[in-house]
Each structure stands twice: as structure tokens, then as C-alpha cells.
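Here is the structure we will look at.
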Amino acid sequence: MRIIAGERKGHTIYAPKGLDTRPTSDRVRENVFNIVAPWVEDARVLDLYAGSGAMGLEALSRGAAAAVFVEADAEAVRAIERNLDRLRLTGARVVRADATTGLAQEAGSGRKYDLVLADPPYAMTDFDALARYLPRVLADDGLLVLESAARVEPELAGLAVRTTRKYGSTRVTVFEHET
């Protein structure tokens, strides 16, 4: 895996070994960032189910001001920290917690994010726990990018689908606040 664009373009990203982490492919990452490009520059980014951190690292490389990575797996947290160090990216914070707990902490602190990236396990089809907090952490004009299995059409209470696209076995759904 590598950084697709920005100041760290072409740099390799380390991913934890094993099957516990499913990094977003370069192709899907490139397409996601083509969709959300206007939201990235100087953005505050929240990367949930961060895994290797590829999505948040890509955002930082493309000019995001800050990124918070939320990941429960200890080896994945080490991979994110290693990637941040190797790429010399600043403005990042890594939170070792499951996504719902990390999201609840961010919502409780009143923090808002311009771009929220969520890549839960594809087996996950019930997004109610996330929907409880996501509208509270998403800035008024922010976007949420949710990856899921292609067969899943996620719905999140309080958020409207802006667009949805399939890339092989992956669906990318972009949400915004309901108007």
C-alpha cells in the first residue's frame, strides 16, 4: 500500500499482518478522495476503524490540518504510530478504543470533524451504535464516508446519503447532515 497523492505521494504504508485488518485498497482510496477533495484541505478528520491508518494518512498527505485515528487492535495502533513517524506527518492523535467508545468520547468532548472516515468490518450491517454519535461529531457542512460490503446499503438516522458507489466488493457511501 502507498500514499496516493499529496506531499507524501508514493510513500509506502505499513499494515499489520494477519486477517484482522482489511486495508482500503489504493483504488478505493483514490476514488474516495476524488469525491471528497473539496473537504480535505485544512480539514479536521476522524478515522474510525482506522486499521493501518491509510485513510487518515491520505487525508493528512493531502493537506488535512489534523486527524484522529480510532482503532481497538494494539498491533494496528502500533502500525498507525509507525506510519505517522515514518511519514513525518503531524497533527495526528491515535486513540486506542473501539469505534463506538472513541466516537462517544469525541462527541462528549464537543469536537466536530469536517471529514469522518469509517471502515467497519464488512460483516457489520447494523450501524445504529454509530448513528447515535456520528451526527454530533460531524461539522454542519462536513461529510461522512462509510465503507461497507457492496451488498449493504447503509442508513444512518440523522444523516442523508449524498452519493453511493460500488468498487468490486466495496460500497462507499457518503453522508451529510439532513437539510
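Residue names in the C-alpha cells use chain letters A, B, ... in the order shown, residue numbers from 1 in each chain, and ligand numbers from 1 in the order shown.
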Using only C-alpha atoms, tabulate the residues of segment 116-144 of chain A lying at most 10 Å from any atom of segment 28-37 of chain A, each with its closest atom pair and that distance in Å to one decimal, by chain and increasing residue number, as JSON lines.
{"residue": "A:Leu117", "atom": "CA", "partner": "A:Val32", "partner_atom": "CA", "distance": 9.8}
{"residue": "A:Gly142", "atom": "CA", "partner": "A:Val36", "partner_atom": "CA", "distance": 9.9}
{"residue": "A:Leu143", "atom": "CA", "partner": "A:Val36", "partner_atom": "CA", "distance": 7.8}
{"residue": "A:Leu144", "atom": "CA", "partner": "A:Val36", "partner_atom": "CA", "distance": 9.4}
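Residues with any atom within 6 Å of Ala65 of chain A, counting only C-alpha atoms and excluding same-chain neighbours fewer than 6 positions away, are Asp42, Ala43 and Arg44 of chain A.
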Resulting file, chosen residues, N, CA and C atoms, as an mmCIF file, in the first residue's frame:
data_model
loop_
_atom_site.group_PDB
_atom_site.id
_atom_site.type_symbol
_atom_site.label_atom_id
_atom_site.label_comp_id
_atom_site.auth_asym_id
_atom_site.auth_seq_id
_atom_site.Cartn_x
_atom_site.Cartn_y
_atom_site.Cartn_z
ATOM 1 N N ASP A 42 -7.131 21.603 4.991
ATOM 2 C CA ASP A 42 -7.306 22.194 6.326
ATOM 3 C C ASP A 42 -8.413 21.543 7.154
ATOM 4 N N ALA A 43 -8.839 20.346 6.766
ATOM 5 C CA ALA A 43 -9.934 19.655 7.470
ATOM 6 C C ALA A 43 -9.471 19.041 8.781
ATOM 7 N N ARG A 44 -10.419 18.909 9.695
ATOM 8 C CA ARG A 44 -10.255 18.074 10.884
ATOM 9 C C ARG A 44 -10.895 16.738 10.518
#
Selection: 9 Å around Glu41 of chain A, only C-alpha atoms, excl. self and same-chain fewer than 3 positions, as a PyMOL selection string: chain A and resi 37-38+59-60+62-65
Generate the output file for the selected residues, C-alpha atoms, as a compact mmCIF listing (two decimals), in the first residue's frame.
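Listing of again.txt after writing:
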# COMPACT_ATOMS: atom_id res chain seq x y z
CA ALA A 37 -11.38 16.52 -2.39
CA PRO A 38 -13.01 19.91 -1.56
CA ALA A 59 -6.04 12.95 4.25
CA LEU A 60 -3.01 14.36 6.10
CA ARG A 62 -3.46 15.88 1.01
CA GLY A 63 -3.47 18.84 3.40
CA ALA A 64 -5.82 18.00 6.27
CA ALA A 65 -4.98 20.08 9.35
Which residue of A:Arg82, A:Leu48, A:Ser61, A:Asp141 approaches Ala104 of chain A most closely, using only C-alpha atoms: A:Leu48
In chain A, DSSP alpha helix (DSSP H) residues written as a PyMOL selection string: chain A and resi 26-40+54-61+74-87+99-108+128-137
Nearby residues (only C-alpha atoms) at most 7 Å from segment 85-100 of chain A, same-chain spacing under 2 positions excluded, as a ChimeraX atom specification: /A:8,48-49,60,65-72,77,81-83,102-104,129-130
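Every protein or nucleic acid residue with an atom no more than 8 Å from Thr163 of chain A, counting only C-alpha atoms and leaving out same-chain residues fewer than 3 positions away, appears here: Thr173, Val174 and Phe175 of chain A.
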Could the residues in this selection be written to a file with N, CA and C atoms, as a PDB file, in the first residue's frame?
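To be explicit, this is the file written out as out_34.pdb:
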ATOM      1  N   THR A 173     -20.329   4.898   0.764  1.00  0.00           N
ATOM      2  CA  THR A 173     -21.496   5.762   0.892  1.00  0.00           C
ATOM      3  C   THR A 173     -21.064   7.043   1.581  1.00  0.00           C
ATOM      4  N   VAL A 174     -21.385   8.161   0.969  1.00  0.00           N
ATOM      5  CA  VAL A 174     -21.039   9.460   1.517  1.00  0.00           C
ATOM      6  C   VAL A 174     -22.306  10.089   2.073  1.00  0.00           C
ATOM      7  N   PHE A 175     -22.239  10.470   3.357  1.00  0.00           N
ATOM      8  CA  PHE A 175     -23.378  11.063   4.057  1.00  0.00           C
ATOM      9  C   PHE A 175     -23.089  12.520   4.386  1.00  0.00           C
TER      10      PHE A 175
END
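Between atom CA of Asp47 of chain A and atom CA of Arg111 of chain A there is a distance of 13.6 Å.
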Sel. of strand (DSSP E or B) residues, segment 1-157 of chain A, as a PyMOL selection string: chain A and resi 2+12+44-48+66-71+92-96+113-118+138-149
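For His177 of chain A, the set of protein, DNA and RNA residues having any atom at most 10 Å away, when counting only C-alpha atoms and skipping those fewer than 6 positions along the same chain, is Leu134, Pro135, Arg136, Leu138, Ala139, Asp140, Asp141, Gly142, Leu143, Leu144, Ala157, Gly158, Leu159, Ala160, Val161 and Arg162 of chain A.
If you look at atom CA of Ile80 of chain A and atom CA of Asp26 of chain A, they are 16.8 Å away from each other.
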